Amino acid sequence: MREVIEKKVLNENDRLAGELRQRYRDEDILCVNIISSPGSGKTAMLERTLASFHQGISLAVLTGDLQTDNDAKRLARYGFPVRQIVTGGTCHLDARMVTRHLDQMGFRGPGILFVENVGNLVCPSSYDLGEAAKIVLLSVTEGEDKPLKYPGIFHRASLMILTKTDLLPHVEFDPKLALENARKIHPEIEYIALSSRTREGFPEWLNWLQGLREKAHQEAAAIS
Amino acid sequence: MHEVGIAASILGSVEAEARRRPGAHFQAVGVRIGELANVDKEALAFAFEALTRNTALANLRLEVEWCLRRQRCLDCGAEFVVQKLNLNCETCGSQKTSCIGGTELDVAYLELEEPCVKL
């Protein structure tokens, strides 16, 4: 006989992600989940981002890697709490890891939590971490067709950030084509181009974060 | 390569049902996977086999329903399967369509035989 089950394969992760989402709402934490291939510039962008904030604001970073705490060391120089999640081979972060490390770090809102996922365009896209937005990075040293090759993450990301734009004069990369490809998969995806080296595009990126924070506040006010 | 984790989660659902139904014989588990779910069918089958080998679920079949991306037109309401990345409505040509399928990652059903109850 056939017994209908009808549940999500990742229902346990989704349940924990729901708890995280509630916690972020209760504590007024904006959480963004940053995803890209290895080497697209997630850590460099976060370094520049942290350097742009004053110490008064509450910020924290959870950074995932298979091995080493190199990224956490780089990010800790800016004076905000940073925690390395060493996955030991697991190719993505899941809601359980985030919950555990968030508890251990003792980060409290209001503030912004940056989750730097493991460098991988495939697996991280399946795991909800309770974030307000997934952000996908694509660097100009990659191919413009990445969105077509990895549609899952470009479909789920709210924002695509083109990184390393200072290298554009030296590489054959057409930003317009990359964006067109991303919008073939996800017509509403937002877009920012930046360089962590020259800071070009950083005002737009910080504005985008601020806008997302205000939107989260409005949604929280509407619920309560 | 997170298919081992996905396979383990699927088996977790089967084991939860097995605890509810002592004595039942499980033949197959049916899952739905969308083309946007980032799960590779063959890697999943391989992981599933590796995880069930020499266990009580060794003969359990994995039945996969592969789900293509589907959109619904926000103007005329037509629903269609996306071909060649064209998200525009097949019926009226509208560019305003929203995704309604292709991200599935669900345990849909179990095929099982329960022991006869002797009255």
# chains A, B, ... in the order shown; residues from 1 in each chain; ligands from 1
$ interface_residues --of "chain B" --to "chain A" --cutoff "10 Å" --atoms "only C-alpha atoms" --output "ChimeraX atom specification"
/B:1-3,5-14,17,26-39,84-87,95-99,102-114
$ residues_around --residues "A:Gly130" --least-positions-apart "6" --cutoff "8 Å" --atoms "only C-alpha atoms" --output "JSON, numbers by chain"
{"A": [17, 18, 19, 20, 21, 31, 95]}
$ residues_around --residues "stretch 131-133 of chain A" --least-positions-apart "5" --cutoff "8 Å" --atoms "only C-alpha atoms" --output "PyMOL selection string"
chain A and resi 21+30-33+157-159+216
$ closest_residue --among "A:Leu206, A:Ala76, A:Ala60, A:Ala222" --to "A:Arg108" --atoms "only C-alpha atoms"
A:Ala60
$ residues_around --residues "A:Phe80" --least-positions-apart "2" --cutoff "12 Å" --atoms "only C-alpha atoms" --output "compact mmCIF listing (two decimals) with N, CA and C atoms, in the first residue's frame"
# COMPACT_ATOMS: atom_id res chain seq x y z
N LEU A 46 33.58 41.40 3.31
CA LEU A 46 33.17 41.55 4.71
C LEU A 46 34.18 42.40 5.48
N GLU A 47 35.46 42.24 5.18
CA GLU A 47 36.47 43.07 5.86
C GLU A 47 36.19 44.54 5.61
N THR A 49 33.43 45.82 4.71
CA THR A 49 32.12 46.17 5.28
C THR A 49 32.27 46.48 6.77
N LEU A 50 32.98 45.60 7.48
CA LEU A 50 33.17 45.81 8.92
C LEU A 50 33.93 47.12 9.16
N ALA A 51 34.91 47.39 8.30
CA ALA A 51 35.70 48.61 8.46
C ALA A 51 34.85 49.86 8.26
N SER A 52 33.69 49.71 7.61
CA SER A 52 32.84 50.87 7.34
C SER A 52 31.94 51.23 8.51
N PHE A 53 31.82 50.32 9.48
CA PHE A 53 30.91 50.58 10.61
C PHE A 53 31.68 51.09 11.82
N HIS A 54 31.00 51.92 12.60
CA HIS A 54 31.59 52.37 13.85
C HIS A 54 31.46 51.28 14.89
N GLN A 55 32.30 51.33 15.90
CA GLN A 55 32.27 50.30 16.94
C GLN A 55 30.94 50.30 17.71
N GLY A 56 30.24 51.42 17.70
CA GLY A 56 29.00 51.52 18.47
C GLY A 56 27.92 50.54 18.04
N ILE A 57 27.93 50.18 16.76
CA ILE A 57 26.85 49.32 16.26
C ILE A 57 27.17 47.86 16.55
N SER A 58 26.13 47.07 16.74
CA SER A 58 26.30 45.67 17.06
C SER A 58 26.34 44.86 15.76
N LEU A 59 27.50 44.29 15.48
CA LEU A 59 27.67 43.47 14.29
C LEU A 59 28.34 42.17 14.70
N ALA A 60 28.11 41.11 13.95
CA ALA A 60 28.83 39.87 14.21
C ALA A 60 28.95 39.10 12.91
N VAL A 61 29.95 38.23 12.84
CA VAL A 61 30.16 37.41 11.66
C VAL A 61 30.31 35.95 12.07
N LEU A 62 29.57 35.09 11.39
CA LEU A 62 29.84 33.65 11.47
C LEU A 62 30.41 33.26 10.13
N ALA A 72 38.37 33.84 10.03
CA ALA A 72 37.99 34.47 11.30
C ALA A 72 39.10 35.39 11.79
N LYS A 73 40.34 34.96 11.60
CA LYS A 73 41.47 35.81 12.02
C LYS A 73 41.47 37.12 11.25
N ARG A 74 41.24 37.00 9.92
CA ARG A 74 41.21 38.22 9.10
C ARG A 74 40.10 39.16 9.56
N LEU A 75 38.94 38.57 9.86
CA LEU A 75 37.77 39.39 10.16
C LEU A 75 37.79 39.95 11.58
N ALA A 76 38.51 39.25 12.48
CA ALA A 76 38.50 39.66 13.89
C ALA A 76 39.25 40.97 14.11
N ARG A 77 40.04 41.39 13.12
CA ARG A 77 40.86 42.60 13.28
C ARG A 77 40.02 43.87 13.39
N TYR A 78 38.72 43.77 13.06
CA TYR A 78 37.90 44.99 13.02
C TYR A 78 37.15 45.24 14.32
N VAL A 82 33.55 37.66 15.97
CA VAL A 82 33.64 36.81 14.78
C VAL A 82 33.81 35.39 15.25
N ARG A 83 33.13 34.46 14.63
CA ARG A 83 33.30 33.07 15.02
C ARG A 83 33.48 32.21 13.78
N MET A 105 28.56 32.25 20.94
CA MET A 105 29.14 33.58 20.75
C MET A 105 28.45 34.59 21.66
N PHE A 107 25.95 36.55 20.89
CA PHE A 107 25.62 37.79 20.18
C PHE A 107 24.16 38.18 20.44
N GLY A 111 21.13 44.43 15.80
CA GLY A 111 22.36 44.49 15.04
C GLY A 111 22.27 43.69 13.75
N ILE A 112 23.42 43.47 13.14
CA ILE A 112 23.48 42.76 11.87
C ILE A 112 24.38 41.54 12.03
N LEU A 113 23.90 40.41 11.60
CA LEU A 113 24.70 39.18 11.61
C LEU A 113 25.00 38.79 10.17
N PHE A 114 26.29 38.77 9.85
CA PHE A 114 26.72 38.32 8.52
C PHE A 114 27.11 36.85 8.62
$ select_by_dssp --residues "chain A" --states "helix (DSSP H, G or I)" --output "ChimeraX atom specification"
/A:11-27,42-52,70-76,95-105,123-126,146-149,151-156,165-170,175-185,202-223
$ select_by_dssp --residues "stretch 24-163 of chain A" --states "strand (DSSP E)" --output "NGL selection string"
:A and (29-35 or 59-65 or 82-86 or 111-116 or 133-139 or 159-163)
$ closest_residue --among "A:Glu144, A:Asp26, A:Glu200, A:Glu219" --to "A:Leu179" --atoms "only C-alpha atoms"
A:Glu144
$ residues_around --residues "A:Ile35" --least-positions-apart "3" --cutoff "7 Å" --atoms "only C-alpha atoms" --output "ChimeraX atom specification"
/A:116-117,119,121,135-137
